[in-house]
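These notes concern the structure reproduced below.
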Amino acid sequence: MQSSKTLSAVLPALVILTIGSIFSAAARAQAGAESYPDKPVRIIVPFAPGGSTDLVGRTLAQKMSESWNQTVVVENRGGGATIIGTEAAVKSKPDGYTLLIGVSTLATNPAMQPKLPYEAMHDLEPISMLARAPIVAYINPSFAPQDLKGLIVFAKSTAGGVHYGSGGTGTVTHLAAELLRDRTGAPLTHIVYKGGTPAMADAIAGHIPMTFATVGQALQHYRAKQLRALGVTSAERYPSIPDVPTFKEQGFDIITSEWFALFAPAGTPKPIIDKLNTEVRKIVTLPNLADRLTAIELISSSPQELADFVRRETHQWGELIRKAGLKEN
């Protein structure tokens with residue numbers, strides 16, 4: 001009886017102590033967010049310098065640095081289909097001082113790479129979407145089809161079908177073509193290139209009849225009439241190529257984009273995530289900022305919206321990758 005009384009006397013004190021600890025931790029996290037950042041921040045870009053992801057990362061870093069009056073640097077960690085850079089971010093201290101520009105491979109790698117050293121949506125904290133760029137079916141000007149329906153008819157009536165290039169196996173440029181093939185049954189055969197630039201060069205030279213690429217990757221060649229465009233995977237006609245019809249308006253319900261988003265290591269305090277999200281929302285609305293990013297649409301989202309989006313992308317592309325039997329080369 002005595003021990004019961006002692007326990008009943010101690011329990012309220014333990015509850016008060018626990019609640020106090022929780023509030024103390026929350027207060028520390030909030031205080032940390034208010035002073036954040038008080039030292040340099042690095043943004044890991046999982047590609048070599050010079051590409052679209054690097055450009056998005058450097059634009060974001062510059063604007064954050066200007067806003068915070070604090071150094072924000074881009075660290076390029078390319079290789080391994082973005083796995084090397086992503087793993088470096090995942091293993092970093094979750095304090096808001098290491099961030100990651102994640103791209104569509106976060107959603108495609110789980111099906112393409114059975115032994116990833118991380119689980120993206122478990123080991124990363126979503127912050128916000130940053131940008132997106134739809135995919136275009138570009139063809140050599142001498143290639144006969146005039147639209148997507150013409151392409152499908154041509155492929156089905158031609159021995160060997162139609163060969164196309166892309167930025168590589170499992171990239172969104174490749175998977176957009178695979179989705180078109182899956183939906184139509186057209187014999188579209190992928191020719192694997194080490195990047196979108198050599199695939200585009202071969203399409204211009206006529207070594208292959210077509211390539212799938214983001215709007216910006218081939219925009220200058222399209223404007224110079226070195227390539228024609230059969231369709232774009234945006235929901236509506238895209239401002240950079242307003243004369244190109246969407247896949248959907250041609251009867252193919254395919255809406256997809258290469259996307260770019262900001263993440264932090266899992267466990268990064270919520271007040272810091274919220275502060276970063278607020279900063280991104282402010283940056284993407286800055287006037288004239290989009291002029292630096294050719295044919296890339298700046299967007300933002302809540303952390304939850306980004307998490308939900310990546311899960312949908314992972315499910316959609318995972319099903320297609322497994323159905324097609326695709327493997328990383």
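Starting from 1 in every chain, residues are counted up; chains themselves are A, B, ... following the order of the structure tokens, and ligands are numbered from 1 as listed.
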All residues 9 Å or closer to segment 199-207 of chain A, only C-alpha atoms, same chain fewer than 3 positions away omitted, as a VMD selection string: chain A and resid 138 to 143 164 to 167 191 to 196 210 to 213 217 to 218 221 226 to 227
Using only C-alpha atoms, please write the residues we just selected to a file, as an mmCIF file, in the first residue's frame.
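Output contents, as saved in selection35.cif:
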```
data_model
loop_
_atom_site.group_PDB
_atom_site.id
_atom_site.type_symbol
_atom_site.label_atom_id
_atom_site.label_comp_id
_atom_site.auth_asym_id
_atom_site.auth_seq_id
_atom_site.Cartn_x
_atom_site.Cartn_y
_atom_site.Cartn_z
ATOM 1 C CA TYR A 138 11.585 15.933 -80.875
ATOM 2 C CA ILE A 139 12.196 14.515 -84.353
ATOM 3 C CA ASN A 140 14.587 15.059 -87.227
ATOM 4 C CA PRO A 141 12.936 17.483 -89.719
ATOM 5 C CA SER A 142 13.085 14.871 -92.491
ATOM 6 C CA PHE A 143 11.146 12.287 -90.443
ATOM 7 C CA TYR A 164 14.492 6.944 -80.302
ATOM 8 C CA GLY A 165 17.138 8.251 -77.953
ATOM 9 C CA SER A 166 16.903 9.764 -74.472
ATOM 10 C CA GLY A 167 19.052 10.947 -71.592
ATOM 11 C CA ILE A 191 18.591 3.585 -77.953
ATOM 12 C CA VAL A 192 20.567 4.226 -74.768
ATOM 13 C CA TYR A 193 22.825 7.291 -74.667
ATOM 14 C CA LYS A 194 25.011 8.617 -71.890
ATOM 15 C CA GLY A 195 23.037 11.820 -71.555
ATOM 16 C CA GLY A 196 20.506 13.835 -73.495
ATOM 17 C CA MET A 210 13.750 11.080 -82.795
ATOM 18 C CA THR A 211 14.606 11.804 -79.189
ATOM 19 C CA PHE A 212 12.653 12.612 -76.041
ATOM 20 C CA ALA A 213 14.069 15.544 -74.057
ATOM 21 C CA GLN A 217 17.439 20.696 -73.618
ATOM 22 C CA ALA A 218 16.634 21.155 -77.302
ATOM 23 C CA HIS A 221 17.754 23.542 -81.899
ATOM 24 C CA GLN A 226 17.144 21.611 -86.600
ATOM 25 C CA LEU A 227 14.444 19.577 -84.859
#
```
Selection near Lys115 of chain A, 12 Å with only C-alpha atoms, sequence-local residues under 5 positions removed, as a ChimeraX atom specification: /A:83,109-110,328
All residues 12 Å or closer to Gly51 of chain A, only C-alpha atoms, same chain fewer than 3 positions away omitted, as a VMD selection string: chain A and resid 45 to 48 54 to 58 76 78 195 to 197 214 216 to 217 293 to 294
Write to file, as a short mmCIF file (atom, residue, chain, number, x, y, z; two decimals), in the first residue's frame, the residues of the selection just made, with C-alpha atoms.
```cif
data_model
loop_
_atom_site.label_atom_id
_atom_site.label_comp_id
_atom_site.auth_asym_id
_atom_site.auth_seq_id
_atom_site.Cartn_x
_atom_site.Cartn_y
_atom_site.Cartn_z
CA VAL A 45 23.40 18.92 -56.40
CA PRO A 46 23.69 15.24 -57.40
CA PHE A 47 25.04 16.09 -60.86
CA ALA A 48 28.17 17.54 -62.37
CA ASP A 54 22.95 22.70 -61.20
CA LEU A 55 21.41 25.89 -62.59
CA VAL A 56 18.35 25.54 -60.36
CA GLY A 57 20.58 24.89 -57.34
CA ARG A 58 22.86 27.85 -57.99
CA ASN A 76 28.23 19.03 -56.95
CA GLY A 78 27.47 13.65 -59.42
CA GLY A 195 23.04 11.82 -71.55
CA GLY A 196 20.51 13.83 -73.50
CA THR A 197 23.05 15.89 -75.46
CA THR A 214 12.96 18.35 -71.78
CA GLY A 216 14.98 23.41 -72.60
CA GLN A 217 17.44 20.70 -73.62
CA LEU A 293 16.09 29.23 -66.26
CA THR A 294 15.33 28.56 -69.91
#
```
Which segment 92-199 of chain A residues have any atom within 8 Å of an atom of segment 254-275 of chain A, and for each, what is the nearest pair of atoms with distance in Å to one decimal, counting only C-alpha atoms, rows sorted by chain and number, as a tab-separated table?
```
residue	atom	partner	partner_atom	distance
A:Ser92	CA	A:Pro265	CA	6.5
A:Lys93	CA	A:Pro265	CA	7.1
A:Pro94	CA	A:Thr268	CA	4.4
A:Asp95	CA	A:Thr268	CA	5.3
A:Gly96	CA	A:Thr268	CA	6.1
A:Thr98	CA	A:Ala264	CA	6.6
A:Leu99	CA	A:Ala264	CA	4.7
A:Leu100	CA	A:Phe263	CA	5.1
A:Ile101	CA	A:Leu262	CA	4.9
A:Gly102	CA	A:Ala261	CA	5.2
A:Val103	CA	A:Phe260	CA	4.6
A:Ser104	CA	A:Trp259	CA	5.7
A:His122	CA	A:Ala266	CA	7.0
A:Asp123	CA	A:Ala266	CA	4.9
A:Leu124	CA	A:Ala266	CA	4.5
A:Glu125	CA	A:Ala266	CA	4.7
A:Pro126	CA	A:Phe263	CA	4.7
A:Ile127	CA	A:Phe263	CA	5.2
A:Ser128	CA	A:Leu262	CA	5.4
A:Met129	CA	A:Ala261	CA	4.2
A:Leu130	CA	A:Ala261	CA	4.8
A:Ala131	CA	A:Phe260	CA	5.1
A:Arg132	CA	A:Trp259	CA	4.2
A:Ala133	CA	A:Glu258	CA	5.2
A:Pro134	CA	A:Ser257	CA	4.0
A:Ile135	CA	A:Ser257	CA	5.9
A:Val172	CA	A:Glu258	CA	6.1
A:Thr173	CA	A:Glu258	CA	7.7
A:Ala176	CA	A:Thr256	CA	7.3
A:Leu179	CA	A:Ile254	CA	7.7
A:Leu180	CA	A:Ile254	CA	7.6
```
Nearest residue to Ile241 of chain A from the set A:Gly170, A:Val74, A:Val136, A:Ala177 (distances using only C-alpha atoms):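 Ranked by minimum distance to Ile241 of chain A, first place goes to A:Val136.
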All helix (DSSP H, G or I) residues (DSSP, backbone) inside segment 190-286 of chain A, as a ChimeraX atom specification: /A:196-205,216-223,248-250,270-283
Selected residue of minimal separation from Ile152 of chain A among A:Val215, A:Lys225, A:Ala89, A:Leu230, counting only C-alpha atoms: A:Leu230
Thr158 of chain A surroundings by only C-alpha atoms, 12 Å radius, close-in-sequence under 5 positions cut, as number ranges by chain: A: 144, 150-153, 163, 186-188
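In this comparison, which uses only C-alpha atoms, the residue of A:Ser35, A:Thr53, A:Thr59, A:Thr278 approaching Arg292 of chain A most closely is A:Thr59.
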Which residues are close to Asp38 of chain A, i.e. within 10 Å by only C-alpha atoms, leaving aside same-chain residues fewer than 6 positions away? Reply as a PDB file with C-alpha atoms, in the first residue's frame.
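Final file, part36.pdb:
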```
ATOM      1  CA  GLY A  32      17.327  27.521 -33.434  1.00  0.00           C
ATOM      2  CA  TRP A  68      19.930  35.743 -45.311  1.00  0.00           C
ATOM      3  CA  ASN A  69      23.207  37.637 -45.750  1.00  0.00           C
ATOM      4  CA  GLN A  70      24.822  34.266 -45.233  1.00  0.00           C
ATOM      5  CA  THR A  71      26.999  32.079 -47.481  1.00  0.00           C
ATOM      6  CA  TYR A  97      22.907  23.251 -42.988  1.00  0.00           C
TER       7      TYR A  97
END
```
Selected residue of minimal separation from Tyr238 of chain A among A:Ala295, A:Ala81, A:Tyr222, A:Val284, counting only C-alpha atoms: A:Ala295
Residue neighbourhood Lys248 of chain A, 10 Å, only C-alpha atoms, exclusion window fewer than 5 positions, as a list in words: Gly231, Val232, Thr233, Ser234, Ala235, Glu236, Arg237, Asp253, Ile254 and Ile255 of chain A
Backbone DSSP call of strand (DSSP E) for segment 142-297 of chain A, listed as a short mmCIF file (atom, residue, chain, number, x, y, z; two decimals) with N, CA and C atoms, in the first residue's frame:
```cif
data_model
loop_
_atom_site.label_atom_id
_atom_site.label_comp_id
_atom_site.auth_asym_id
_atom_site.auth_seq_id
_atom_site.Cartn_x
_atom_site.Cartn_y
_atom_site.Cartn_z
N VAL A 162 10.09 2.30 -84.68
CA VAL A 162 10.83 3.56 -84.65
C VAL A 162 11.81 3.53 -83.48
N HIS A 163 13.04 3.93 -83.73
CA HIS A 163 14.06 4.02 -82.69
C HIS A 163 14.14 5.47 -82.18
N TYR A 164 14.37 5.61 -80.90
CA TYR A 164 14.49 6.94 -80.30
C TYR A 164 15.60 6.94 -79.25
N GLY A 165 16.13 8.09 -79.00
CA GLY A 165 17.14 8.25 -77.95
C GLY A 165 16.59 9.04 -76.78
N LEU A 188 8.18 1.28 -80.25
CA LEU A 188 9.18 2.33 -80.06
C LEU A 188 10.36 1.72 -79.31
N THR A 189 11.53 1.74 -79.91
CA THR A 189 12.71 1.08 -79.34
C THR A 189 13.70 2.10 -78.83
N HIS A 190 14.11 1.92 -77.58
CA HIS A 190 15.01 2.86 -76.92
C HIS A 190 16.46 2.59 -77.31
N ILE A 191 17.15 3.63 -77.74
CA ILE A 191 18.59 3.59 -77.95
C ILE A 191 19.23 4.34 -76.79
N MET A 210 14.36 10.24 -83.82
CA MET A 210 13.75 11.08 -82.79
C MET A 210 14.42 10.90 -81.44
N THR A 211 14.14 11.87 -80.56
CA THR A 211 14.61 11.80 -79.19
C THR A 211 13.56 12.44 -78.29
N PHE A 212 13.52 12.00 -77.06
CA PHE A 212 12.65 12.61 -76.04
C PHE A 212 13.56 13.39 -75.10
N ALA A 213 13.23 14.67 -74.87
CA ALA A 213 14.07 15.54 -74.06
C ALA A 213 13.18 16.59 -73.39
N THR A 214 13.71 17.25 -72.37
CA THR A 214 12.96 18.35 -71.78
C THR A 214 12.90 19.50 -72.78
N ARG A 228 12.09 19.11 -85.17
CA ARG A 228 10.66 19.42 -85.07
C ARG A 228 10.12 18.81 -83.78
N ALA A 229 9.00 19.33 -83.28
CA ALA A 229 8.40 18.83 -82.05
C ALA A 229 7.00 18.28 -82.35
N LEU A 230 6.77 17.04 -81.94
CA LEU A 230 5.47 16.41 -82.18
C LEU A 230 4.48 16.63 -81.04
N GLY A 231 4.99 16.87 -79.84
CA GLY A 231 4.09 17.06 -78.71
C GLY A 231 4.86 17.30 -77.43
N VAL A 232 4.19 17.90 -76.46
CA VAL A 232 4.79 18.21 -75.16
C VAL A 232 3.91 17.63 -74.06
N SER A 257 6.62 15.52 -66.11
CA SER A 257 7.71 16.48 -66.21
C SER A 257 8.94 15.96 -65.48
N GLU A 258 10.09 16.44 -65.91
CA GLU A 258 11.26 16.36 -65.05
C GLU A 258 11.02 17.38 -63.95
N TRP A 259 11.29 17.01 -62.69
CA TRP A 259 11.02 17.94 -61.60
C TRP A 259 12.23 18.10 -60.69
N PHE A 260 12.21 19.22 -59.95
CA PHE A 260 13.30 19.57 -59.05
C PHE A 260 12.65 19.98 -57.72
N ALA A 261 13.21 19.51 -56.61
CA ALA A 261 12.62 19.82 -55.31
C ALA A 261 13.72 19.91 -54.26
N LEU A 262 13.41 20.55 -53.16
CA LEU A 262 14.38 20.75 -52.08
C LEU A 262 14.06 19.83 -50.91
N PHE A 263 15.11 19.16 -50.41
CA PHE A 263 14.98 18.23 -49.29
C PHE A 263 16.08 18.51 -48.27
N ALA A 264 15.85 17.98 -47.06
CA ALA A 264 16.86 18.01 -46.00
C ALA A 264 16.95 16.60 -45.41
N PRO A 265 18.02 16.30 -44.69
CA PRO A 265 18.09 14.99 -44.04
C PRO A 265 16.93 14.80 -43.06
N GLU A 297 9.85 25.87 -65.42
CA GLU A 297 8.78 26.56 -64.69
C GLU A 297 9.05 26.51 -63.20
#
```
Which neighbours of Arg311 of chain A fall inside 12 Å, counting only C-alpha atoms, when residues of the same chain fewer than 2 positions from it are skipped, and could you give them as a compact mmCIF listing (two decimals) with N, CA and C atoms, in the first residue's frame?
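Saved the output as part-v6.txt:
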```txt
# COMPACT_ATOMS: atom_id res chain seq x y z
N SER A 104 13.70 13.74 -60.35
CA SER A 104 12.79 12.62 -60.61
C SER A 104 13.38 11.26 -60.30
N LEU A 106 14.62 10.31 -57.66
CA LEU A 106 14.18 9.87 -56.33
C LEU A 106 12.99 8.94 -56.43
N ALA A 107 12.16 9.15 -57.47
CA ALA A 107 10.96 8.32 -57.66
C ALA A 107 11.22 7.11 -58.54
N THR A 108 12.22 7.19 -59.42
CA THR A 108 12.47 6.08 -60.35
C THR A 108 13.54 5.11 -59.85
N PRO A 110 14.10 3.66 -56.94
CA PRO A 110 13.70 2.48 -56.15
C PRO A 110 13.37 1.26 -56.99
N GLU A 119 16.36 5.05 -48.17
CA GLU A 119 14.95 5.04 -48.58
C GLU A 119 14.52 6.50 -48.62
N ALA A 120 14.32 7.02 -49.80
CA ALA A 120 14.19 8.47 -49.99
C ALA A 120 13.18 9.11 -49.05
N MET A 121 11.95 8.59 -49.03
CA MET A 121 10.92 9.27 -48.26
C MET A 121 10.96 8.92 -46.77
N HIS A 122 11.89 8.11 -46.38
CA HIS A 122 12.13 7.84 -44.96
C HIS A 122 13.35 8.61 -44.47
N PRO A 126 11.00 16.35 -46.86
CA PRO A 126 10.57 17.23 -47.95
C PRO A 126 10.45 18.68 -47.48
N GLN A 304 4.17 18.62 -47.20
CA GLN A 304 3.27 17.48 -47.35
C GLN A 304 2.88 17.26 -48.81
N GLU A 305 2.65 18.34 -49.52
CA GLU A 305 2.33 18.21 -50.95
C GLU A 305 3.48 17.58 -51.71
N LEU A 306 4.70 17.96 -51.37
CA LEU A 306 5.86 17.35 -52.02
C LEU A 306 5.96 15.87 -51.67
N ALA A 307 5.77 15.53 -50.41
CA ALA A 307 5.83 14.11 -50.00
C ALA A 307 4.80 13.28 -50.75
N ASP A 308 3.57 13.80 -50.84
CA ASP A 308 2.51 13.08 -51.54
C ASP A 308 2.84 12.93 -53.03
N PHE A 309 3.39 13.97 -53.61
CA PHE A 309 3.74 13.95 -55.03
C PHE A 309 4.81 12.89 -55.30
N GLU A 313 4.57 9.63 -57.76
CA GLU A 313 5.53 9.42 -58.83
C GLU A 313 6.23 8.05 -58.68
N THR A 314 6.60 7.73 -57.46
CA THR A 314 7.28 6.46 -57.20
C THR A 314 6.39 5.28 -57.58
N HIS A 315 5.11 5.39 -57.24
CA HIS A 315 4.16 4.32 -57.58
C HIS A 315 3.97 4.22 -59.09
N GLN A 316 3.74 5.35 -59.74
CA GLN A 316 3.47 5.34 -61.18
C GLN A 316 4.65 4.79 -61.97
N TRP A 317 5.84 5.35 -61.71
CA TRP A 317 7.00 4.92 -62.48
C TRP A 317 7.45 3.53 -62.08
N GLY A 318 7.27 3.17 -60.82
CA GLY A 318 7.64 1.82 -60.39
C GLY A 318 6.84 0.77 -61.13
```
Point-to-point distance from atom CA of Ile84 of chain A to atom CA of Ala324 of chain A, Å rounded to tenths: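 Atom CA of Ala324 of chain A lies at a distance of 25.8 Å from atom CA of Ile84 of chain A.
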Distance criterion (only C-alpha atoms): nearest to Arg281 of chain A out of A:Pro145, A:Gly85, A:Pro114, A:Pro303: A:Pro303
